[in-house]
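Since the structure comes first, as structure tokens, the remarks are kept for the end.
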Amino acid sequence: MQTLVKNIKQLVNVREENILLRKEQLAELPSIYNAWLFIDNGIIAEYGSMEHIPDAISKITHIIDATYKMILPTWCDSHTHLVFAAPREAEFVDKIKGLSYAEIAAKGGGILNSAAKLNAMSEDELYRLAKQRLNEVIRLGTGAIEIKSGYGLSVEGELKMLRVIKKLKEQSSIPIKSTFLGAHTYPSAFKENHQGYIDLIIDEMLPIIAKEKLADYIDVFCEYGFFSAEETKTICEAGMRYGLKPKIHANQLNLSGGVETGVALGALSVDHLETMDENTINTLATSNTIGTLLPTAAFFLRMAFQPARKLIDAGCAIALATDFNPGSSPSGNMNLMVAMSCIQMKMLPEEAINAATINGAFAMELQNEVGSITKGKKANLIITKPIPSIAYLPYSFGSNLIDEVLINGVSYSCL
């Protein structure tokens, strides 16, 4: 099918080539005003100013009139835990009442709560719930996503999650990347036998994951009380031997060594980064590893937000993602996350949009498919409602400003 989108008030993030953006580049958001966009069989084929629209394209019969509206590439959410069995709103109330994480865990809460519920749920039901959540975030403008395991914490549970993610990959209309996060925490049975669980990951989980091609990446929660920097290195290197690239949960609560470990391993990204010092920032800035910031997790946990300005000014390549999960960020709304990045981390609207689109695509190695308005990329697009400027998107954070989401050039409401 061929589609012409015409009279676009502003065609946002138009790029001729893919570049991972840093420093001043992150604040540059190339656009075409009063634009047209030609979609051919789900792919961005041509675009330009309405003043110079070719006669042949102007005669396309399937037309979307975007008068007063803007078009952006869909969001690229490079860090989620979208596959889970049940929400944890009771723990949310417990936190309001003043219970600590340790007290909640003692009541059976936390990651182990999610693991117990997931292991008791059938794969079909888990898929049904995950598909609902995936549809929801696509309607909110997400056009590419990474999904982690990590709530199984057993051979059967982790494989169940990864098989659900694989099925989502096969049946979804958007690109999905899969991450094995067996090293999310220690199961109760291995509370006093950490090496035993690490051996289970390496000797029993990874061979099956590799054989069934269930994951693209391997992740570890590198944090005090969870997996040390040395344990993280051991697990990631085991995954790398099976072709899985590392993506590490790093420096959420402490200077855990996760950033340094990730950089040394050549990790695609190190994610969270609430706790950073000058040396850690410099280590990340001089590497090819992307720092993925998850502001909605800091918000939900009432933690200090990530030092985005220091990271950007130092030259770190940063992406933004939701960390959608039942415990610390129960939202996959990238629009809210972009607004929060501007409001709480003082990112410019242009910086936040770039970090949530093209840099997010790089953080999933999908930069050749999505993340910008570029010829040959998927026509995964957000069409806004009439808005006065691009800054209005994060400014009016409580409003739904999306009029329509196109996936492969087709309205998602029609898929």
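Each chain of the structure tokens is named A, B, ... in the order shown, its residues numbered from 1; ligands are numbered from 1 in display order.
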
Counting only C-alpha atoms, which residues in region 264-380 of chain A sit no more than 12 Å from region 165-178 of chain A? For each one, give the nearest pair of atoms and the distance in Å, sorted by chain then residue number, as a Markdown table.
```
| residue | atom | partner | partner_atom | distance |
| --- | --- | --- | --- | --- |
| A:Ala361 | CA | A:Pro175 | CA | 10.2 |
| A:Phe362 | CA | A:Lys177 | CA | 11.9 |
| A:Ala363 | CA | A:Lys177 | CA | 10.2 |
| A:Met364 | CA | A:Lys177 | CA | 6.8 |
| A:Glu365 | CA | A:Lys177 | CA | 8.9 |
| A:Leu366 | CA | A:Pro175 | CA | 8.0 |
| A:Gln367 | CA | A:Pro175 | CA | 11.1 |
| A:Asn368 | CA | A:Pro175 | CA | 11.5 |
| A:Glu369 | CA | A:Pro175 | CA | 8.5 |
| A:Val370 | CA | A:Pro175 | CA | 8.7 |
| A:Gly371 | CA | A:Pro175 | CA | 11.4 |
| A:Lys377 | CA | A:Pro175 | CA | 11.9 |
| A:Lys378 | CA | A:Ile174 | CA | 9.3 |
| A:Ala379 | CA | A:Ile174 | CA | 10.6 |
| A:Asn380 | CA | A:Ile174 | CA | 8.2 |
```

What would the file look like if the residues just selected were written as a PDB file, in the first residue's frame with N, CA and C atoms?
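Contents of result_1.pdb, as written:
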```pdb
ATOM      1  N   ALA A 361      17.004   3.524  19.835  1.00  0.00           N
ATOM      2  CA  ALA A 361      17.148   2.518  18.787  1.00  0.00           C
ATOM      3  C   ALA A 361      18.558   1.931  18.795  1.00  0.00           C
ATOM      4  N   PHE A 362      19.569   2.774  18.973  1.00  0.00           N
ATOM      5  CA  PHE A 362      20.953   2.286  19.068  1.00  0.00           C
ATOM      6  C   PHE A 362      21.111   1.343  20.261  1.00  0.00           C
ATOM      7  N   ALA A 363      20.401   1.616  21.358  1.00  0.00           N
ATOM      8  CA  ALA A 363      20.512   0.789  22.555  1.00  0.00           C
ATOM      9  C   ALA A 363      19.861  -0.576  22.387  1.00  0.00           C
ATOM     10  N   MET A 364      19.208  -0.794  21.224  1.00  0.00           N
ATOM     11  CA  MET A 364      18.663  -2.110  20.886  1.00  0.00           C
ATOM     12  C   MET A 364      19.219  -2.615  19.555  1.00  0.00           C
ATOM     13  N   GLU A 365      20.202  -1.896  19.013  1.00  0.00           N
ATOM     14  CA  GLU A 365      20.789  -2.227  17.705  1.00  0.00           C
ATOM     15  C   GLU A 365      19.718  -2.267  16.608  1.00  0.00           C
ATOM     16  N   LEU A 366      18.776  -1.338  16.717  1.00  0.00           N
ATOM     17  CA  LEU A 366      17.694  -1.234  15.735  1.00  0.00           C
ATOM     18  C   LEU A 366      17.755   0.079  14.963  1.00  0.00           C
ATOM     19  N   GLN A 367      18.913   0.745  14.998  1.00  0.00           N
ATOM     20  CA  GLN A 367      19.024   2.069  14.402  1.00  0.00           C
ATOM     21  C   GLN A 367      18.835   2.071  12.882  1.00  0.00           C
ATOM     22  N   ASN A 368      18.981   0.919  12.245  1.00  0.00           N
ATOM     23  CA  ASN A 368      18.755   0.856  10.798  1.00  0.00           C
ATOM     24  C   ASN A 368      17.298   0.615  10.438  1.00  0.00           C
ATOM     25  N   GLU A 369      16.459   0.369  11.448  1.00  0.00           N
ATOM     26  CA  GLU A 369      15.041   0.080  11.214  1.00  0.00           C
ATOM     27  C   GLU A 369      14.121   1.184  11.703  1.00  0.00           C
ATOM     28  N   VAL A 370      14.442   1.796  12.836  1.00  0.00           N
ATOM     29  CA  VAL A 370      13.533   2.741  13.488  1.00  0.00           C
ATOM     30  C   VAL A 370      14.345   3.856  14.139  1.00  0.00           C
ATOM     31  N   GLY A 371      13.642   4.824  14.753  1.00  0.00           N
ATOM     32  CA  GLY A 371      14.310   5.837  15.566  1.00  0.00           C
ATOM     33  C   GLY A 371      14.426   7.202  14.936  1.00  0.00           C
ATOM     34  N   LYS A 377      13.643   3.314   6.471  1.00  0.00           N
ATOM     35  CA  LYS A 377      13.245   2.827   7.786  1.00  0.00           C
ATOM     36  C   LYS A 377      11.751   2.528   7.814  1.00  0.00           C
ATOM     37  N   LYS A 378      11.342   1.765   8.826  1.00  0.00           N
ATOM     38  CA  LYS A 378       9.934   1.447   8.998  1.00  0.00           C
ATOM     39  C   LYS A 378       9.127   2.730   9.223  1.00  0.00           C
ATOM     40  N   ALA A 379       7.935   2.764   8.651  1.00  0.00           N
ATOM     41  CA  ALA A 379       7.039   3.904   8.865  1.00  0.00           C
ATOM     42  C   ALA A 379       6.283   3.694  10.175  1.00  0.00           C
ATOM     43  N   ASN A 380       7.057   3.654  11.275  1.00  0.00           N
ATOM     44  CA  ASN A 380       6.495   3.590  12.625  1.00  0.00           C
ATOM     45  C   ASN A 380       6.489   5.017  13.152  1.00  0.00           C
TER      46      ASN A 380
END
```

- Residues of region 176-369 of chain A in alpha helix (DSSP H), written as a ChimeraX atom specification: /A:194-200,206-212,229-241,258-265,278-285,295-300,308-314,334-345,349-356,358-362

- Item | Who sits within 7 Å of region 289-306 of chain A, only C-alpha atoms, same chain under 4 positions skipped, as a ChimeraX atom specification | /A:263,266-274,284,316-323,328-329,337,340-341,345,363

Output N, CA and C atoms for every residue in the selection just made, as a tab-separated table (two decimals), in the first residue's frame.
```
chain	number	residue	atom	x	y	z
A	263	VAL	N	31.51	-1.33	30.77
A	263	VAL	CA	32.43	-0.72	29.79
A	263	VAL	C	33.56	-1.69	29.44
A	266	GLY	N	32.46	-4.21	27.06
A	266	GLY	CA	31.91	-3.71	25.80
A	266	GLY	C	30.41	-3.83	25.76
A	267	ALA	N	29.74	-3.65	26.90
A	267	ALA	CA	28.29	-3.78	26.97
A	267	ALA	C	27.61	-2.79	26.05
A	268	LEU	N	26.50	-3.21	25.48
A	268	LEU	CA	25.72	-2.31	24.64
A	268	LEU	C	25.21	-1.14	25.46
A	269	SER	N	24.75	-1.42	26.68
A	269	SER	CA	24.26	-0.34	27.54
A	269	SER	C	24.44	-0.71	29.00
A	270	VAL	N	24.53	0.32	29.82
A	270	VAL	CA	24.44	0.19	31.28
A	270	VAL	C	23.26	1.05	31.71
A	271	ASP	N	22.36	0.47	32.49
A	271	ASP	CA	21.05	1.08	32.69
A	271	ASP	C	20.77	1.39	34.15
A	272	HIS	N	20.10	2.46	34.39
A	272	HIS	CA	19.70	3.06	35.68
A	272	HIS	C	20.56	4.28	35.95
A	273	LEU	N	21.75	4.12	36.54
A	273	LEU	CA	22.73	5.20	36.73
A	273	LEU	C	22.25	6.31	37.66
A	274	GLU	N	21.42	5.98	38.64
A	274	GLU	CA	21.04	6.99	39.63
A	274	GLU	C	22.23	7.44	40.46
A	284	LEU	N	32.24	6.17	31.48
A	284	LEU	CA	31.17	5.96	30.50
A	284	LEU	C	31.33	6.88	29.30
A	316	CYS	N	28.64	11.53	27.52
A	316	CYS	CA	28.06	10.20	27.52
A	316	CYS	C	26.95	10.12	26.47
A	317	ALA	N	26.86	8.98	25.82
A	317	ALA	CA	25.72	8.72	24.94
A	317	ALA	C	24.61	8.17	25.82
A	318	ILE	N	23.47	8.85	25.86
A	318	ILE	CA	22.40	8.41	26.74
A	318	ILE	C	21.12	8.10	25.95
A	319	ALA	N	20.38	7.13	26.47
A	319	ALA	CA	19.05	6.81	25.97
A	319	ALA	C	18.08	6.91	27.13
A	320	LEU	N	16.80	6.96	26.82
A	320	LEU	CA	15.75	7.01	27.83
A	320	LEU	C	14.81	5.83	27.63
A	321	ALA	N	14.39	5.21	28.73
A	321	ALA	CA	13.47	4.08	28.65
A	321	ALA	C	12.59	4.06	29.90
A	322	THR	N	11.54	3.21	29.87
A	322	THR	CA	10.55	3.26	30.95
A	322	THR	C	10.85	2.34	32.13
A	323	ASP	N	11.62	1.26	31.92
A	323	ASP	CA	11.79	0.25	32.96
A	323	ASP	C	10.45	-0.35	33.38
A	328	SER	N	8.81	-1.36	40.47
A	328	SER	CA	9.41	-0.04	40.63
A	328	SER	C	9.09	0.95	39.52
A	329	SER	N	8.41	0.50	38.47
A	329	SER	CA	8.02	1.42	37.40
A	329	SER	C	6.83	0.84	36.64
A	337	MET	N	7.50	9.53	30.45
A	337	MET	CA	8.92	9.42	30.73
A	337	MET	C	9.70	10.58	30.08
A	340	MET	N	9.00	13.68	32.14
A	340	MET	CA	9.70	13.63	33.42
A	340	MET	C	11.19	13.93	33.24
A	341	SER	N	11.75	13.51	32.13
A	341	SER	CA	13.16	13.77	31.85
A	341	SER	C	13.42	15.27	31.73
A	345	MET	N	14.94	16.16	35.23
A	345	MET	CA	16.37	15.99	34.93
A	345	MET	C	16.90	17.14	34.06
A	363	ALA	N	20.40	1.62	21.36
A	363	ALA	CA	20.51	0.79	22.56
A	363	ALA	C	19.86	-0.58	22.39
```

- From A:Pro54, A:Pro73, A:Pro386, A:Gly196, residue lying nearest Leu11 (chain A) [only C-alpha atoms]: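 Closest residue, counting only C-alpha atoms: A:Pro73.
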
- Item | Pairwise distance for CA of Asp219 (chain A) and CA of Ala183 (chain A), rounded to one decimal in Å |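 That distance, rounded to one decimal, is 7.1 Å.
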
- Task: Enter the distance from CA of Val14 (chain A) to CA of Asp55 (chain A), in Å, rounded to one decimal.
- Result: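 Between these atoms lies a distance of 22.1 Å.
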
For the interface of region 54-143 of chain A with region 331-335 of chain A (cut-off 10 Å, counting only C-alpha atoms), please tabulate each contacting residue of region 54-143 of chain A alongside its nearest pair of atoms and their separation in Å to one decimal, rows sorted by chain and increasing number, as a Markdown table.
```
| residue | atom | partner | partner_atom | distance |
| --- | --- | --- | --- | --- |
| A:Thr74 | CA | A:Met334 | CA | 9.7 |
| A:Trp75 | CA | A:Met334 | CA | 6.8 |
| A:Cys76 | CA | A:Met334 | CA | 8.6 |
| A:Asp77 | CA | A:Met334 | CA | 7.3 |
| A:His79 | CA | A:Gly332 | CA | 9.9 |
| A:Thr80 | CA | A:Gly332 | CA | 7.9 |
| A:His81 | CA | A:Gly332 | CA | 9.6 |
| A:Leu82 | CA | A:Gly332 | CA | 8.2 |
| A:Arg133 | CA | A:Gly332 | CA | 8.3 |
| A:Leu134 | CA | A:Gly332 | CA | 8.9 |
| A:Glu136 | CA | A:Gly332 | CA | 8.3 |
| A:Val137 | CA | A:Gly332 | CA | 5.9 |
| A:Ile138 | CA | A:Asn333 | CA | 9.3 |
| A:Arg139 | CA | A:Asn333 | CA | 9.6 |
| A:Leu140 | CA | A:Asn333 | CA | 6.3 |
| A:Gly141 | CA | A:Met334 | CA | 7.4 |
| A:Thr142 | CA | A:Met334 | CA | 7.1 |
```

- Item | Nearest-residue call for Asn34 (chain A), choices A:Glu231, A:Glu51, A:Asp313, A:Glu278, using only C-alpha atoms |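 Among the listed residues, A:Glu51 lies closest to Asn34 (chain A).
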
- Query: What are the DSSP strand (DSSP E) residues of region 78-248 of chain A, as a PyMOL selection string?
  - Reply: chain A and resi 142-148+176-183+217-222+245-248

- Excluding Glu91 (chain A) and any residue of its chain fewer than 5 positions from it, enumerate the residues within 8 Å of it, using only C-alpha atoms, and give them as a ChimeraX atom specification. /A:104,109-110,327

- Contacts of region 153-158 of chain A at 9 Å or less, counting only C-alpha atoms, minus same-chain residues fewer than 3 places along, as number ranges by chain? A: 112, 115, 118-120, 149-150, 161-163, 180-187, 197, 200-201, 204-205

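Put simply, CA of Val410 (chain A) is 14.9 Å away from CA of Thr61 (chain A).
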